[in-house]
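Peer 1: Just so it is clear, I am handing over query.txt, which has compact mmCIF, C-alpha atoms.
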# COMPACT_ATOMS: atom_id res chain seq x y z
CA MET U 1 20.76 -14.19 11.25
CA GLN U 2 22.02 -10.61 11.06
CA GLY U 3 25.26 -11.85 9.48
CA LEU U 4 23.27 -13.59 6.73
CA ILE U 5 21.23 -10.46 6.09
CA ASN U 6 24.38 -8.32 5.92
CA TYR U 7 25.98 -10.76 3.48
CA LEU U 8 22.94 -10.88 1.21
CA GLU U 9 22.59 -7.11 1.39
CA ALA U 10 26.22 -6.66 0.36
CA LYS U 11 26.44 -9.34 -2.35
CA PHE U 12 22.96 -10.31 -3.56
CA VAL U 13 20.99 -7.06 -3.52
CA PRO U 14 23.35 -5.01 -5.76
CA LEU U 15 23.41 -7.85 -8.29
CA ALA U 16 19.62 -8.18 -8.24
CA ALA U 17 19.19 -4.42 -8.60
CA LYS U 18 21.62 -4.37 -11.52
CA VAL U 19 19.82 -7.22 -13.26
CA GLY U 20 16.45 -5.62 -12.54
CA GLY U 21 17.62 -2.37 -14.13
CA GLN U 22 19.06 -4.00 -17.26
CA LYS U 23 17.43 -2.13 -20.16
CA HIS U 24 16.38 -5.19 -22.16
CA LEU U 25 14.74 -6.81 -19.14
CA VAL U 26 13.06 -3.51 -18.27
CA ALA U 27 11.69 -3.31 -21.82
CA ILE U 28 10.30 -6.85 -21.51
CA ARG U 29 8.76 -6.16 -18.10
CA ASP U 30 7.18 -2.88 -19.25
CA SER U 31 5.88 -4.54 -22.40
CA PHE U 32 4.00 -7.22 -20.49
CA ALA U 33 2.60 -4.52 -18.20
CA ALA U 34 1.43 -2.52 -21.23
CA MET U 35 -0.31 -5.62 -22.62
CA MET U 36 -2.31 -6.09 -19.42
CA PRO U 37 -5.52 -4.44 -20.78
CA LEU U 38 -5.42 -6.76 -23.79
CA VAL U 39 -4.73 -9.84 -21.70
CA MET U 40 -7.34 -9.10 -19.05
CA ALA U 41 -10.05 -8.22 -21.59
CA GLY U 42 -9.59 -11.59 -23.29
CA ALA U 43 -9.17 -13.47 -20.03
CA ILE U 44 -12.30 -12.00 -18.46
CA ALA U 45 -14.33 -12.77 -21.61
CA VAL U 46 -13.18 -16.40 -21.54
CA LEU U 47 -13.72 -16.58 -17.78
CA LEU U 48 -17.32 -15.35 -18.07
CA ASN U 49 -17.98 -17.92 -20.77
CA ASN U 50 -16.44 -20.76 -18.82
CA VAL U 51 -18.27 -19.88 -15.63
CA PHE U 52 -21.73 -18.87 -16.85
CA PHE U 53 -22.55 -19.39 -20.51
CA VAL U 54 -21.30 -22.73 -21.86
CA PRO U 55 -22.55 -26.25 -21.03
CA TRP U 56 -19.12 -27.36 -19.80
CA GLY U 57 -18.78 -24.29 -17.55
CA LEU U 58 -19.16 -23.98 -13.79
CA LEU U 59 -22.86 -23.01 -13.92
CA GLY U 60 -23.53 -25.82 -16.38
CA ALA U 61 -22.21 -28.45 -13.99
CA ASP U 62 -24.71 -30.99 -12.69
CA VAL U 63 -24.45 -29.63 -9.15
CA PHE U 64 -25.79 -26.27 -10.39
CA LEU U 65 -28.11 -25.80 -13.41
CA GLY U 66 -26.79 -28.60 -15.62
CA GLY U 67 -25.61 -28.37 -19.22
CA ASP U 68 -29.06 -29.01 -20.69
CA HIS U 69 -30.82 -26.30 -18.67
CA ALA U 70 -32.81 -23.86 -20.82
CA PHE U 71 -30.71 -20.86 -19.74
CA ILE U 72 -27.42 -22.63 -20.51
CA VAL U 73 -28.68 -23.75 -23.93
CA TRP U 74 -29.86 -20.20 -24.70
CA ALA U 75 -26.67 -18.58 -23.38
CA ASN U 76 -24.45 -20.99 -25.32
CA THR U 77 -26.31 -20.08 -28.51
CA TYR U 78 -26.59 -16.30 -28.13
CA ILE U 79 -24.19 -15.06 -25.43
CA ALA U 80 -21.15 -17.37 -25.58
CA PRO U 81 -20.26 -16.54 -29.23
CA PHE U 82 -20.00 -12.85 -28.33
CA PHE U 83 -17.47 -13.44 -25.56
CA ALA U 84 -15.66 -16.10 -27.59
CA SER U 85 -15.13 -13.60 -30.40
CA ILE U 86 -13.26 -11.25 -28.07
CA GLU U 87 -10.46 -13.82 -27.83
CA THR U 88 -9.65 -13.22 -31.52
CA GLY U 89 -8.56 -9.64 -30.86
CA THR U 90 -6.88 -10.28 -27.51
CA LEU U 91 -5.38 -13.63 -26.50
CA SER U 92 -4.98 -14.77 -30.11
CA ILE U 93 -2.55 -11.93 -30.94
CA LEU U 94 -0.42 -11.83 -27.77
CA ALA U 95 2.84 -12.65 -29.55
CA MET U 96 2.30 -10.02 -32.23
CA ALA U 97 1.43 -7.45 -29.55
CA LEU U 98 4.56 -8.42 -27.61
CA VAL U 99 6.82 -7.84 -30.62
CA PHE U 100 5.34 -4.38 -31.07
CA THR U 101 5.54 -3.33 -27.40
CA VAL U 102 9.06 -4.67 -26.79
CA ALA U 103 10.40 -2.93 -29.90
CA PHE U 104 8.48 0.25 -28.99
CA ASN U 105 9.98 0.29 -25.48
CA ARG U 106 13.49 -0.39 -26.77
CA ALA U 107 13.16 2.52 -29.21
CA ARG U 108 11.97 4.78 -26.41
CA GLN U 109 14.98 3.78 -24.29
CA GLU U 110 17.40 4.50 -27.16
CA LYS U 111 15.55 7.69 -28.20
CA LYS U 112 14.74 6.35 -31.66
CA ASP U 113 11.42 6.53 -33.53
CA GLU U 114 9.10 4.20 -31.61
CA ILE U 115 6.41 3.59 -34.23
CA ILE U 116 8.75 2.84 -37.11
CA THR U 117 10.90 0.54 -34.97
CA ALA U 118 7.86 -1.35 -33.69
CA LEU U 119 6.37 -1.75 -37.17
CA ILE U 120 9.65 -3.05 -38.59
CA ALA U 121 9.81 -5.57 -35.71
CA VAL U 122 6.25 -6.75 -36.46
CA GLY U 123 7.15 -7.14 -40.13
CA SER U 124 10.23 -9.14 -39.16
CA PHE U 125 8.09 -11.37 -36.96
CA MET U 126 5.73 -12.04 -39.87
CA LEU U 127 8.64 -12.79 -42.19
CA LEU U 128 9.77 -15.65 -39.98
CA GLY U 129 6.61 -17.62 -40.77
CA SER U 130 4.27 -16.68 -37.92
CA LEU U 131 1.15 -17.04 -40.06
CA SER U 132 1.50 -20.79 -40.65
CA ARG U 133 1.35 -23.51 -37.98
CA SER U 134 0.34 -27.17 -37.99
CA ASN U 135 0.88 -29.23 -34.86
CA ASP U 136 -1.37 -32.24 -34.37
CA VAL U 137 0.15 -33.02 -30.97
CA VAL U 138 -0.06 -29.65 -29.21
CA ALA U 139 -2.97 -27.22 -29.67
CA SER U 140 -3.97 -28.51 -33.10
CA HIS U 141 -6.75 -25.90 -33.32
CA VAL U 142 -4.19 -23.04 -33.47
CA THR U 143 -3.14 -22.39 -37.08
CA ASN U 144 -0.62 -19.56 -36.52
CA TYR U 145 1.98 -18.25 -34.07
CA LEU U 146 0.40 -14.88 -33.39
CA GLY U 147 -0.77 -15.95 -29.92
CA ALA U 148 0.81 -17.75 -26.98
CA GLN U 149 2.54 -20.34 -29.20
CA GLY U 150 4.74 -17.60 -30.68
CA ILE U 151 5.70 -15.80 -27.46
CA PHE U 152 9.35 -16.93 -27.36
CA ILE U 153 10.16 -15.99 -30.95
CA ALA U 154 8.20 -12.76 -30.48
CA LEU U 155 10.37 -11.88 -27.51
CA ILE U 156 13.59 -12.61 -29.38
CA THR U 157 12.43 -10.72 -32.48
CA GLY U 158 11.29 -7.76 -30.38
CA LEU U 159 14.84 -7.45 -29.03
CA ILE U 160 16.95 -8.32 -32.09
CA ALA U 161 15.06 -6.42 -34.82
CA PRO U 162 15.40 -3.05 -33.01
CA ALA U 163 19.09 -3.77 -32.30
CA ILE U 164 19.75 -4.25 -36.04
CA TYR U 165 17.65 -1.21 -36.92
CA PHE U 166 19.45 1.00 -34.37
CA LYS U 167 22.87 -0.13 -35.60
CA ILE U 168 22.06 0.90 -39.16
CA VAL U 169 20.54 4.21 -38.07
CA ASP U 170 23.61 4.98 -35.96
CA LYS U 171 25.79 4.45 -39.06
CA ASN U 172 23.65 7.18 -40.64
CA TRP U 173 22.54 4.97 -43.52
CA VAL U 174 19.36 7.01 -43.85
CA ILE U 175 17.62 9.15 -46.45
CA THR U 176 17.78 12.80 -45.33
CA MET U 177 14.99 15.05 -46.53
CA PRO U 178 15.06 18.86 -46.82
CA ASP U 179 13.82 20.90 -43.86
CA SER U 180 10.77 21.93 -45.89
CA VAL U 181 9.44 18.36 -45.81
CA PRO U 182 6.94 17.72 -42.94
CA PRO U 183 8.60 15.92 -39.98
CA ALA U 184 6.32 12.88 -40.21
CA VAL U 185 7.24 12.36 -43.87
CA ALA U 186 10.93 12.93 -43.16
CA LYS U 187 10.87 10.31 -40.40
CA GLY U 188 9.23 7.83 -42.74
CA PHE U 189 11.91 8.32 -45.40
CA SER U 190 14.71 8.10 -42.84
CA GLY U 191 13.49 4.65 -41.84
CA ILE U 192 13.35 3.18 -45.35
CA ILE U 193 16.95 1.93 -45.64
CA PRO U 194 17.37 0.73 -42.01
CA GLY U 195 13.93 -0.87 -42.12
CA ALA U 196 14.53 -2.62 -45.45
CA LEU U 197 17.89 -3.99 -44.31
CA THR U 198 16.44 -5.22 -41.01
CA LEU U 199 13.61 -6.96 -42.83
CA ALA U 200 16.14 -8.46 -45.25
CA VAL U 201 18.02 -10.05 -42.34
CA PHE U 202 14.87 -11.77 -41.09
CA ALA U 203 13.87 -12.76 -44.61
CA ALA U 204 17.30 -14.41 -44.95
CA ILE U 205 16.76 -16.31 -41.68
CA ASN U 206 13.42 -17.57 -42.94
CA TYR U 207 14.99 -18.51 -46.28
CA VAL U 208 17.73 -20.54 -44.58
CA PHE U 209 15.22 -22.53 -42.53
CA ALA U 210 12.87 -23.01 -45.47
CA MET U 211 15.58 -24.19 -47.86
CA GLY U 212 17.92 -25.93 -45.42
CA ALA U 213 15.51 -27.57 -42.97
CA GLU U 214 12.30 -27.40 -45.02
CA THR U 215 10.54 -25.77 -42.09
CA SER U 216 10.16 -22.38 -40.42
CA LEU U 217 12.02 -21.00 -37.42
CA PHE U 218 8.78 -21.18 -35.44
CA ILE U 219 8.21 -24.88 -36.13
CA TRP U 220 11.88 -25.72 -35.51
CA PHE U 221 11.90 -23.78 -32.24
CA GLU U 222 8.61 -25.31 -31.05
CA ASN U 223 9.81 -28.85 -31.76
CA ASN U 224 13.37 -28.51 -30.45
CA VAL U 225 13.57 -25.69 -27.92
CA GLY U 226 10.10 -24.62 -26.87
CA SER U 227 9.08 -28.09 -25.76
CA ALA U 228 12.28 -28.45 -23.71
CA LEU U 229 11.75 -25.09 -21.99
CA ALA U 230 8.14 -25.96 -21.22
CA GLN U 231 9.19 -29.30 -19.79
CA LEU U 232 11.91 -27.68 -17.66
CA SER U 233 9.48 -25.10 -16.31
CA GLN U 234 7.13 -27.87 -15.17
CA GLY U 235 9.77 -29.40 -12.92
CA LEU U 236 9.49 -28.76 -9.20
CA PRO U 237 13.06 -27.32 -8.88
CA ALA U 238 12.30 -24.44 -11.28
CA ILE U 239 9.06 -23.67 -9.45
CA ILE U 240 10.75 -23.77 -6.03
CA ILE U 241 13.60 -21.49 -7.14
CA THR U 242 11.20 -18.95 -8.61
CA SER U 243 8.96 -19.12 -5.54
CA THR U 244 11.95 -18.48 -3.28
CA LEU U 245 13.48 -15.62 -5.26
CA ILE U 246 10.29 -13.51 -5.31
CA PRO U 247 10.01 -12.99 -1.51
CA LEU U 248 13.80 -12.94 -1.07
CA LEU U 249 14.01 -9.93 -3.41
CA TRP U 250 11.03 -8.34 -1.67
CA PHE U 251 12.74 -8.74 1.72
CA PHE U 252 15.38 -6.28 0.55
CA GLY U 253 12.80 -3.85 -0.81
CA LEU U 254 13.00 -4.96 -4.45
CA HIS U 255 9.73 -5.84 -6.18
CA GLY U 256 10.41 -9.56 -6.66
CA ALA U 257 7.37 -10.31 -8.80
CA ASN U 258 8.15 -7.43 -11.18
CA LEU U 259 11.83 -8.32 -11.43
CA LEU U 260 11.04 -11.92 -12.36
CA GLU U 261 8.11 -11.07 -14.61
CA ALA U 262 10.44 -10.91 -17.63
CA PHE U 263 11.01 -14.64 -17.06
CA MET U 264 7.65 -15.72 -15.65
CA GLN U 265 5.40 -14.24 -18.32
CA PRO U 266 7.14 -15.61 -21.44
CA VAL U 267 7.37 -19.06 -19.89
CA TYR U 268 4.52 -19.57 -17.44
CA GLY U 269 2.23 -16.92 -18.91
CA ALA U 270 2.39 -18.54 -22.35
CA LEU U 271 1.66 -21.97 -20.83
CA GLY U 272 -1.31 -20.51 -18.98
CA THR U 273 -2.74 -19.12 -22.20
CA GLU U 274 -2.28 -22.51 -23.84
CA ASN U 275 -4.25 -24.14 -21.01
CA LEU U 276 -7.01 -21.55 -21.31
CA GLN U 277 -7.35 -21.91 -25.07
CA ALA U 278 -7.12 -25.71 -25.01
CA PHE U 279 -9.91 -25.90 -22.44
CA ALA U 280 -12.15 -23.39 -24.21
CA ASN U 281 -11.65 -24.82 -27.70
CA SER U 282 -12.20 -28.40 -26.55
CA GLY U 283 -15.69 -27.64 -25.31
CA GLY U 284 -14.61 -28.53 -21.79
CA THR U 285 -13.40 -32.03 -22.67
CA ILE U 286 -9.74 -31.24 -21.92
CA THR U 287 -9.75 -30.86 -18.15
CA SER U 288 -6.76 -32.69 -16.65
CA ILE U 289 -3.01 -33.11 -16.81
CA ALA U 290 -3.58 -36.45 -18.53
CA ASP U 291 -5.30 -34.54 -21.36
CA GLY U 292 -2.14 -32.52 -21.96
CA LEU U 293 -2.78 -29.45 -19.79
CA HIS U 294 0.22 -27.94 -18.02
CA VAL U 295 0.61 -28.55 -14.28
CA TRP U 296 1.99 -25.13 -13.33
CA VAL U 297 1.31 -21.82 -15.07
CA ARG U 298 1.53 -18.14 -14.20
CA GLY U 299 -1.88 -18.17 -12.50
CA SER U 300 -0.84 -21.01 -10.19
CA TRP U 301 1.07 -18.59 -7.98
CA ASP U 302 -1.96 -16.33 -7.66
CA ALA U 303 -4.27 -19.25 -6.93
CA TYR U 304 -2.15 -21.11 -4.38
CA VAL U 305 0.88 -19.09 -3.23
CA PHE U 306 0.31 -15.32 -3.22
CA HIS U 307 -2.29 -15.33 -0.46
CA GLY U 308 -2.49 -11.62 0.23
CA GLY U 309 0.50 -10.86 -2.02
CA SER U 310 4.11 -11.98 -2.26
CA GLY U 311 5.16 -13.98 0.79
CA ALA U 312 1.54 -14.95 1.57
CA THR U 313 1.15 -12.08 4.05
CA LEU U 314 -2.61 -12.48 4.58
CA PRO U 315 -1.96 -15.49 6.87
CA LEU U 316 0.63 -13.31 8.65
CA LEU U 317 -2.09 -10.76 9.41
CA LEU U 318 -4.36 -13.53 10.71
CA ALA U 319 -1.50 -14.76 12.93
CA ILE U 320 -1.06 -11.23 14.30
CA PHE U 321 -4.77 -11.03 15.10
CA ALA U 322 -4.55 -14.44 16.77
CA VAL U 323 -1.56 -14.01 19.09
CA SER U 324 0.01 -10.56 18.84
CA LYS U 325 -0.35 -8.18 21.77
CA VAL U 326 1.69 -5.39 20.21
CA LYS U 327 -0.63 -2.47 19.58
CA ASP U 328 1.31 -1.15 16.58
CA HIS U 329 1.39 -4.57 14.90
CA ARG U 330 -2.32 -5.09 15.39
CA GLU U 331 -3.05 -1.62 14.01
CA ILE U 332 -0.96 -2.32 10.89
CA ALA U 333 -2.77 -5.66 10.52
CA ARG U 334 -6.13 -3.94 10.85
CA LEU U 335 -5.22 -1.42 8.13
CA GLY U 336 -3.65 -4.07 5.90
CA ILE U 337 -6.37 -6.72 6.04
CA GLY U 338 -8.61 -4.98 3.48
CA PRO U 339 -5.96 -4.53 0.78
CA GLY U 340 -4.53 -7.96 1.69
CA VAL U 341 -7.78 -9.72 0.81
CA PHE U 342 -7.32 -8.28 -2.69
CA MET U 343 -3.64 -9.32 -2.92
CA ILE U 344 -2.10 -5.92 -2.11
CA ASN U 345 0.42 -6.14 0.70
CA GLU U 346 2.68 -3.07 0.48
CA PRO U 347 1.10 -1.62 3.68
CA VAL U 348 2.25 -4.72 5.55
CA LEU U 349 5.63 -5.10 3.85
CA PHE U 350 6.67 -1.52 4.63
CA GLY U 351 4.41 -0.76 7.57
CA LEU U 352 5.00 -3.69 9.91
CA PRO U 353 7.65 -3.92 8.39
CA VAL U 354 8.52 -7.23 6.79
CA VAL U 355 11.18 -5.66 4.55
CA LEU U 356 14.60 -5.98 6.23
CA ASN U 357 13.00 -7.37 9.38
CA PRO U 358 15.23 -10.31 10.46
CA ILE U 359 12.41 -11.85 12.53
CA TYR U 360 10.26 -12.43 9.44
CA LEU U 361 13.03 -13.38 6.97
CA VAL U 362 12.60 -17.15 7.39
CA PRO U 363 8.78 -17.44 7.21
CA PHE U 364 8.42 -14.77 4.54
CA VAL U 365 10.94 -16.37 2.18
CA LEU U 366 10.37 -20.06 2.89
CA ASN U 367 6.59 -20.34 3.02
CA GLN U 368 6.22 -19.66 -0.74
CA PRO U 369 8.24 -22.66 -1.95
CA ILE U 370 6.42 -24.82 0.62
CA LEU U 371 3.00 -23.66 -0.58
CA ALA U 372 4.05 -24.05 -4.23
CA THR U 373 5.22 -27.61 -3.57
CA ILE U 374 1.91 -28.56 -1.93
CA ALA U 375 -0.11 -27.12 -4.80
CA TYR U 376 2.17 -28.60 -7.45
CA LEU U 377 1.92 -32.12 -6.02
CA ALA U 378 -1.86 -31.80 -5.59
CA THR U 379 -2.26 -30.69 -9.22
CA LYS U 380 0.10 -33.38 -10.46
CA ALA U 381 -1.99 -35.97 -8.58
CA ASN U 382 -5.19 -34.54 -10.15
CA PHE U 383 -6.58 -33.69 -6.70
CA ALA U 384 -6.67 -30.04 -7.74
CA GLY U 385 -7.72 -29.25 -11.28
CA PRO U 386 -5.21 -27.42 -13.51
CA ILE U 387 -5.53 -23.69 -14.18
CA VAL U 388 -7.82 -23.21 -17.20
CA ASN U 389 -9.03 -19.64 -16.63
CA THR U 390 -7.16 -16.37 -16.17
CA VAL U 391 -8.68 -14.31 -13.38
CA PRO U 392 -7.62 -10.83 -12.16
CA TRP U 393 -4.69 -11.10 -9.76
CA THR U 394 -6.68 -9.08 -7.22
CA THR U 395 -9.23 -11.89 -6.84
CA PRO U 396 -9.31 -12.98 -3.15
CA PRO U 397 -7.61 -16.24 -2.13
CA ILE U 398 -9.60 -19.49 -2.43
CA LEU U 399 -12.08 -17.78 -4.79
CA ASN U 400 -9.13 -17.26 -7.14
CA ALA U 401 -8.35 -20.99 -7.06
CA LEU U 402 -11.99 -21.96 -7.65
CA LEU U 403 -12.50 -19.60 -10.59
CA SER U 404 -9.13 -20.22 -12.25
CA THR U 405 -9.70 -24.00 -12.23
CA ASN U 406 -13.32 -23.63 -13.36
CA GLY U 407 -14.74 -24.84 -10.06
CA SER U 408 -12.33 -27.56 -8.97
CA ILE U 409 -13.24 -28.32 -5.36
CA GLY U 410 -9.80 -29.83 -4.84
CA ALA U 411 -8.21 -26.55 -5.90
CA GLY U 412 -10.30 -24.67 -3.35
CA VAL U 413 -9.31 -27.17 -0.67
CA ILE U 414 -5.60 -26.82 -1.48
CA ALA U 415 -5.86 -23.02 -1.42
CA LEU U 416 -7.49 -23.24 2.02
CA VAL U 417 -4.87 -25.74 3.22
CA ASN U 418 -2.10 -23.43 2.02
CA MET U 419 -3.66 -20.52 3.91
CA PHE U 420 -3.57 -22.63 7.08
CA VAL U 421 -0.02 -23.86 6.45
CA ALA U 422 1.25 -20.30 5.95
CA PHE U 423 -0.62 -19.26 9.13
CA LEU U 424 1.17 -22.01 11.10
CA ILE U 425 4.55 -21.03 9.63
CA TYR U 426 4.11 -17.40 10.61
CA LEU U 427 2.62 -18.07 14.07
CA PRO U 428 5.81 -18.75 16.08
CA PHE U 429 7.58 -15.80 14.48
CA VAL U 430 4.74 -13.47 15.47
CA VAL U 431 5.28 -14.68 19.05
CA VAL U 432 9.01 -13.89 18.69
CA ALA U 433 8.13 -10.44 17.34
CA ASN U 434 5.96 -9.92 20.44
CA ARG U 435 8.85 -10.72 22.75
CA ALA U 436 11.21 -8.52 20.76
CA ALA U 437 8.77 -5.61 21.10
CA ASP U 438 8.51 -6.22 24.87
CA ASN U 439 12.31 -6.19 25.16
CA VAL U 440 12.49 -2.88 23.31
CA LYS U 441 10.06 -1.41 25.81
What is this structure when it is put down as structure tokens?

Peer 2:
Amino acid sequence: MQGLINYLEAKFVPLAAKVGGQKHLVAIRDSFAAMMPLVMAGAIAVLLNNVFFVPWGLLGADVFLGGDHAFIVWANTYIAPFFASIETGTLSILAMALVFTVAFNRARQEKKDEIITALIAVGSFMLLGSLSRSNDVVASHVTNYLGAQGIFIALITGLIAPAIYFKIVDKNWVITMPDSVPPAVAKGFSGIIPGALTLAVFAAINYVFAMGAETSLFIWFENNVGSALAQLSQGLPAIIITSTLIPLLWFFGLHGANLLEAFMQPVYGALGTENLQAFANSGGTITSIADGLHVWVRGSWDAYVFHGGSGATLPLLLAIFAVSKVKDHREIARLGIGPGVFMINEPVLFGLPVVLNPIYLVPFVLNQPILATIAYLATKANFAGPIVNTVPWTTPPILNALLSTNGSIGAGVIALVNMFVAFLIYLPFVVVANRAADNVK
């Protein structure tokens, strides 16, 4: 075991750290983090609607008030439209916001003007045809690519447009104003030539697609590349690999979830938003995989796998309470149980510790792909409903699964089963940790 850890520490960790520090990936990661207020505002508004105020919501189910109850009818008429309108300024402009934030962060890294760079990137995104969409097969109610449907092109544009802009600025193809001109005005003039040339490049790309393929880059990408990526992400191998890498990186002290966020959010985050919007816009009629909803989205990990945080460490704490006799371990568990319920596990990872602890390497890394497989198969079999709501990642386990699936009892059952499975996986290793502590004494 120690030989494996030494090998991974020597070969894998430096590579992971290098990748995690790559400036383009850092810009993507920081951009999604910056968009969190926008995402959560829209997600919470949709969640409140889907739980309380619409006939197809959780409260409107027959086991509770029922869709024809007077309160539900009133709320659907007067309250639901208010929360539904919030989506227009949040979830419906995610791609446009991503272009701006990625370009802004890249400009900050390269010490260029952030606002001008970001605005040029947004203009480039618009030039590619983001305002026009017509897809009768997938999300026919969405008429543009400003939201989740445009995430991939937004990401690419947010990286390429600044690169072109910086290259032109570095060649000093800029208009230089006298020192007497106010700095804000001088900056604006200095960006005219680089900005115009960058926009011209994207206009040329749009022209080529419009004249050569009689379509836009967005439509071509959605039909030929986006659908393939979405299909690949829904395969169990991709989910297992991602679920394994997160705790493996964490074991060596690297924030696995953050490092992989640059991949998870554009792929699984976009699919999650598509599920949410499809469910909300269908009036609750689209509720299953057979209706076209995606099996696995970004929220699936929070609902079924991250019980207490990466590595499902809440079941580890329960196993310590159950069988551990080591005073220090029980004290760490006692201090970590509160944050763990709300998906925060740094006190356990670094306090127990789990990080670089060879005893916990196997259960910490392997329980996530096992839990993900159970949840994936249950969702695929329609035992657990698909994720149709975005809930805060700090929502406690089981409740997270119930809310994110709009009250699917099967989802709650699977979340509970996964808690028990992770508990059983950790249990023998807690016993080993006990014996190791006794030997040290």

Peer 1: Have a look at CA of Leu128 (chain U) and CA of Asn206 (chain U) and let me know their distance in Å, one decimal.

Peer 2: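 Pair CA of Leu128 (chain U) / CA of Asn206 (chain U) returns 5.1 Å.
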
Peer 1: Which polymer residues have any atom within 8 Å of an atom of region 216-233 of chain U, counting all atoms listed in the file, with same-chain residues fewer than 4 positions away left out, as a VMD selection string?

Peer 2: chain U and resid 128 to 130 133 145 150 152 to 153 205 to 206 209 to 210 238 to 239 267 to 268 271

Peer 1: Please produce a file of those selected residues containing C-alpha atoms, as a tab-separated table (two decimals), in the frame of the given file.

Peer 2:
chain	number	residue	atom	x	y	z
U	128	LEU	CA	9.77	-15.65	-39.98
U	129	GLY	CA	6.61	-17.62	-40.77
U	130	SER	CA	4.27	-16.68	-37.92
U	133	ARG	CA	1.35	-23.51	-37.98
U	145	TYR	CA	1.98	-18.25	-34.07
U	150	GLY	CA	4.74	-17.60	-30.68
U	152	PHE	CA	9.35	-16.93	-27.36
U	153	ILE	CA	10.16	-15.99	-30.95
U	205	ILE	CA	16.76	-16.31	-41.68
U	206	ASN	CA	13.42	-17.57	-42.94
U	209	PHE	CA	15.22	-22.53	-42.53
U	210	ALA	CA	12.87	-23.01	-45.47
U	238	ALA	CA	12.30	-24.44	-11.28
U	239	ILE	CA	9.06	-23.67	-9.45
U	267	VAL	CA	7.37	-19.06	-19.89
U	268	TYR	CA	4.52	-19.57	-17.44
U	271	LEU	CA	1.66	-21.97	-20.83

Peer 1: Around all the atoms of region 71-83 of chain U listed in the file, draw an axis-aligned box and extend it by 5 Å on each of the six sides; I want its centre and edge lengths in Å to one decimal, as JSON.

Peer 2:
{"center_x": -24.1, "center_y": -18.3, "center_z": -24.5, "size_x": 23.2, "size_y": 20.9, "size_z": 19.5}

Peer 1: Please, what distance in Å, to one decimal, runs between CA of Ile414 (chain U) and CA of Leu377 (chain U)?

Peer 2: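 These atoms are spaced 10.3 Å apart.
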
Peer 1: So the first atom is CA of Phe423 (chain U) and the second is CA of Pro315 (chain U); what is the distance between them in Å, to one decimal place?

Peer 2: 4.6 Å

Peer 1: Which residue out of U:Glu214, U:Asp291, U:Glu331, U:Glu346 has the minimum interatomic distance to Pro386 (chain U) when all atoms listed in the file are used?

Peer 2: U:Asp291

Peer 1: Take the point (6.1, -2.8, -30.7) as written in the file and pick out every residue within 10 Å of it, counting all atoms listed in the file; give the list as a PyMOL selection string.

Peer 2: chain U and resi 31+96-107+114-122+158+162

Peer 1: Report as an mmCIF file with C-alpha atoms, in the coordinates of the input all protein, DNA and RNA residues lying within 9 Å of Tyr304 (chain U), evaluated on only C-alpha atoms, omitting residues in the same chain fewer than 2 positions from it.

Peer 2:
data_model
loop_
_atom_site.group_PDB
_atom_site.id
_atom_site.type_symbol
_atom_site.label_atom_id
_atom_site.label_comp_id
_atom_site.auth_asym_id
_atom_site.auth_seq_id
_atom_site.Cartn_x
_atom_site.Cartn_y
_atom_site.Cartn_z
ATOM 1 C CA GLY U 299 -1.880 -18.170 -12.500
ATOM 2 C CA SER U 300 -0.840 -21.010 -10.190
ATOM 3 C CA TRP U 301 1.070 -18.590 -7.980
ATOM 4 C CA ASP U 302 -1.960 -16.330 -7.660
ATOM 5 C CA PHE U 306 0.310 -15.320 -3.220
ATOM 6 C CA HIS U 307 -2.290 -15.330 -0.460
ATOM 7 C CA LEU U 371 3.000 -23.660 -0.580
ATOM 8 C CA ALA U 372 4.050 -24.050 -4.230
ATOM 9 C CA ILE U 374 1.910 -28.560 -1.930
ATOM 10 C CA ALA U 375 -0.110 -27.120 -4.800
ATOM 11 C CA PRO U 397 -7.610 -16.240 -2.130
ATOM 12 C CA ILE U 398 -9.600 -19.490 -2.430
ATOM 13 C CA ASN U 400 -9.130 -17.260 -7.140
ATOM 14 C CA ALA U 401 -8.350 -20.990 -7.060
ATOM 15 C CA ALA U 411 -8.210 -26.550 -5.900
ATOM 16 C CA GLY U 412 -10.300 -24.670 -3.350
ATOM 17 C CA ILE U 414 -5.600 -26.820 -1.480
ATOM 18 C CA ALA U 415 -5.860 -23.020 -1.420
ATOM 19 C CA LEU U 416 -7.490 -23.240 2.020
ATOM 20 C CA ASN U 418 -2.100 -23.430 2.020
ATOM 21 C CA MET U 419 -3.660 -20.520 3.910
#
